[in-house]
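Okay, so here's the structure we're looking at.
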Amino acid sequence: MCSSDLARMDLLPASEKRVLQTASVVGRTFWNGAVASILDGEDRPQDLDDILWRLEDRGLVHARMGSTIVGEREFSFRHILTQEVAYESLPRRERATAHARVAGWIERQTAEREREFAELLAHHYEEAYRGVLETSRPGAADRERLRERAFHHAMLAANEARRKLALEQAERFAATALSVA
């Protein structure tokens with residue numbers, strides 16, 4: 001963790017820090033709708049779009065010209081270390097729920113493009129499933145749903161990688177599927 005990035009984050013107003021942490025769960029690249037889906041409820045600031053623009057003005061994120069998800073604004077962290085520091089500063093107990101929410105959001109937004117987003121969905125469902133196992137005792141049905149989704153998307157990602165002859169990547173996703181099976 002880079003201490004200058006951590007110090008810079010600590011100087012942010014609470015709402016901006018929370019949005020930055022939330023965006024970090026989505027990944028280096030994120031969408032405004034994904035951040036909103038994680039912050040659904042009382043934590044969601046009314047001025048989410050303004051906060052994202054302020055984070056851009058501060059040089060922490062930047063808006064991309066286009067978006068891979070129709071109707072959503074796409075952003076990226078300017079530096080991978082900023083994303084990593086923001087993610088590590090998020091309490092562990094919140095991560096599983098955040099990953100599950102963003103995976104659900106991505107599935108809803110990209111249903112007809114499931115293969116294209118299989119890797120990202122596999123990552124988020126695996127993190128949600130493993131996080132639930134480590135930090136809480138959810139109902140068996142919730143845990144099983146996360147496990148099934150993690151397995152499904154890891155297998156889909158493995159098959160897509162194999163189809164593209166990215167065999168090491170295919171093997172890695174197959175191992176992930178096997179570990180959650």
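Following the order of the structure tokens, first chain is A, next is B, and so on, with residues numbered from 1 inside each chain and ligands from 1 in the order they appear.
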Q | helix (DSSP H, G or I) residues, from DSSP on the backbone, in chain A, as a VMD selection string | A | chain A and resid 3 to 10 14 to 26 32 to 38 48 to 57 80 to 88 92 to 109 111 to 113 118 to 135 140 to 163 167 to 180
Q. If you count only C-alpha atoms, which residues fall within 9 Å of stretch 85-101 of chain A, apart from same-chain ones fewer than 5 positions away, as a ChimeraX atom specification?
A. /A:1-3,5-6,9,17-18,20-27,34,37-39,80,106,123-132,134-136,146
Resulting file, chosen residues, C-alpha atoms, as a JSON list (two decimals), in the first residue's frame:
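Produced file part-v8.json, reproduced below:
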```json
[["chain", "number", "residue", "atom", "x", "y", "z"],
["A", 1, "MET", "CA", 0.00, 0.00, 0.00],
["A", 2, "CYS", "CA", 1.44, 3.37, -0.99],
["A", 3, "SER", "CA", 1.50, 5.78, 1.96],
["A", 5, "ASP", "CA", -2.09, 7.45, -1.80],
["A", 6, "LEU", "CA", -3.40, 6.55, 1.66],
["A", 9, "MET", "CA", -7.41, 9.49, 0.54],
["A", 17, "LYS", "CA", -13.72, 8.64, 0.32],
["A", 18, "ARG", "CA", -16.73, 6.31, 0.53],
["A", 20, "LEU", "CA", -13.75, 5.98, -4.01],
["A", 21, "GLN", "CA", -13.71, 2.89, -1.77],
["A", 22, "THR", "CA", -16.92, 1.63, -3.34],
["A", 23, "ALA", "CA", -15.64, 2.20, -6.88],
["A", 24, "SER", "CA", -12.51, 0.22, -6.01],
["A", 25, "VAL", "CA", -14.62, -2.89, -5.44],
["A", 26, "VAL", "CA", -15.78, -2.77, -9.07],
["A", 27, "GLY", "CA", -12.18, -2.63, -10.29],
["A", 34, "ALA", "CA", -22.24, -0.09, -10.41],
["A", 37, "SER", "CA", -25.82, -0.34, -6.83],
["A", 38, "ILE", "CA", -23.29, -1.01, -4.07],
["A", 39, "LEU", "CA", -24.29, 2.15, -2.21],
["A", 80, "ILE", "CA", -3.69, 1.14, -9.97],
["A", 106, "ILE", "CA", -23.27, -6.32, -14.10],
["A", 123, "HIS", "CA", -14.09, -12.53, -10.14],
["A", 124, "HIS", "CA", -16.90, -10.73, -8.31],
["A", 125, "TYR", "CA", -18.91, -13.85, -7.52],
["A", 126, "GLU", "CA", -15.81, -15.69, -6.31],
["A", 127, "GLU", "CA", -14.87, -12.76, -4.05],
["A", 128, "ALA", "CA", -18.44, -12.56, -2.73],
["A", 129, "TYR", "CA", -18.57, -16.30, -2.05],
["A", 130, "ARG", "CA", -15.17, -16.45, -0.36],
["A", 131, "GLY", "CA", -15.91, -13.30, 1.62],
["A", 132, "VAL", "CA", -19.18, -14.75, 2.90],
["A", 134, "GLU", "CA", -14.73, -15.91, 5.86],
["A", 135, "THR", "CA", -16.71, -13.16, 7.51],
["A", 136, "SER", "CA", -20.27, -14.22, 8.20],
["A", 146, "LEU", "CA", -23.11, -17.23, -4.64]]
```
Each residue of stretch 31-133 of chain A lying at most 6 Å from stretch 151-158 of chain A should get a row with its shortest atom-to-atom pair and the distance in Å to one decimal, counting only C-alpha atoms; could you produce that, ordered by chain and increasing number, as JSON lines?
```
{"residue": "A:Ala118", "atom": "CA", "partner": "A:Ala157", "partner_atom": "CA", "distance": 5.0}
{"residue": "A:Glu119", "atom": "CA", "partner": "A:Ala157", "partner_atom": "CA", "distance": 5.1}
{"residue": "A:Ala122", "atom": "CA", "partner": "A:His153", "partner_atom": "CA", "distance": 4.6}
```
Any chance you can output those residues with all heavy atoms as a compact mmCIF listing (two decimals), in the first residue's frame?
```txt
# COMPACT_ATOMS: atom_id res chain seq x y z
N ALA A 118 -17.79 -12.53 -18.62
CA ALA A 118 -17.65 -13.73 -17.78
C ALA A 118 -16.50 -13.62 -16.79
O ALA A 118 -16.63 -14.00 -15.62
CB ALA A 118 -17.48 -14.96 -18.67
N GLU A 119 -15.36 -13.11 -17.23
CA GLU A 119 -14.20 -13.00 -16.33
C GLU A 119 -14.50 -12.08 -15.16
O GLU A 119 -14.19 -12.40 -14.01
CB GLU A 119 -12.98 -12.47 -17.08
CG GLU A 119 -12.40 -13.44 -18.06
CD GLU A 119 -11.20 -12.87 -18.79
OE1 GLU A 119 -10.51 -11.98 -18.23
OE2 GLU A 119 -10.94 -13.31 -19.92
N ALA A 122 -17.02 -13.73 -12.89
CA ALA A 122 -16.38 -14.81 -12.13
C ALA A 122 -15.60 -14.24 -10.95
O ALA A 122 -15.68 -14.74 -9.83
CB ALA A 122 -15.46 -15.63 -13.04
```
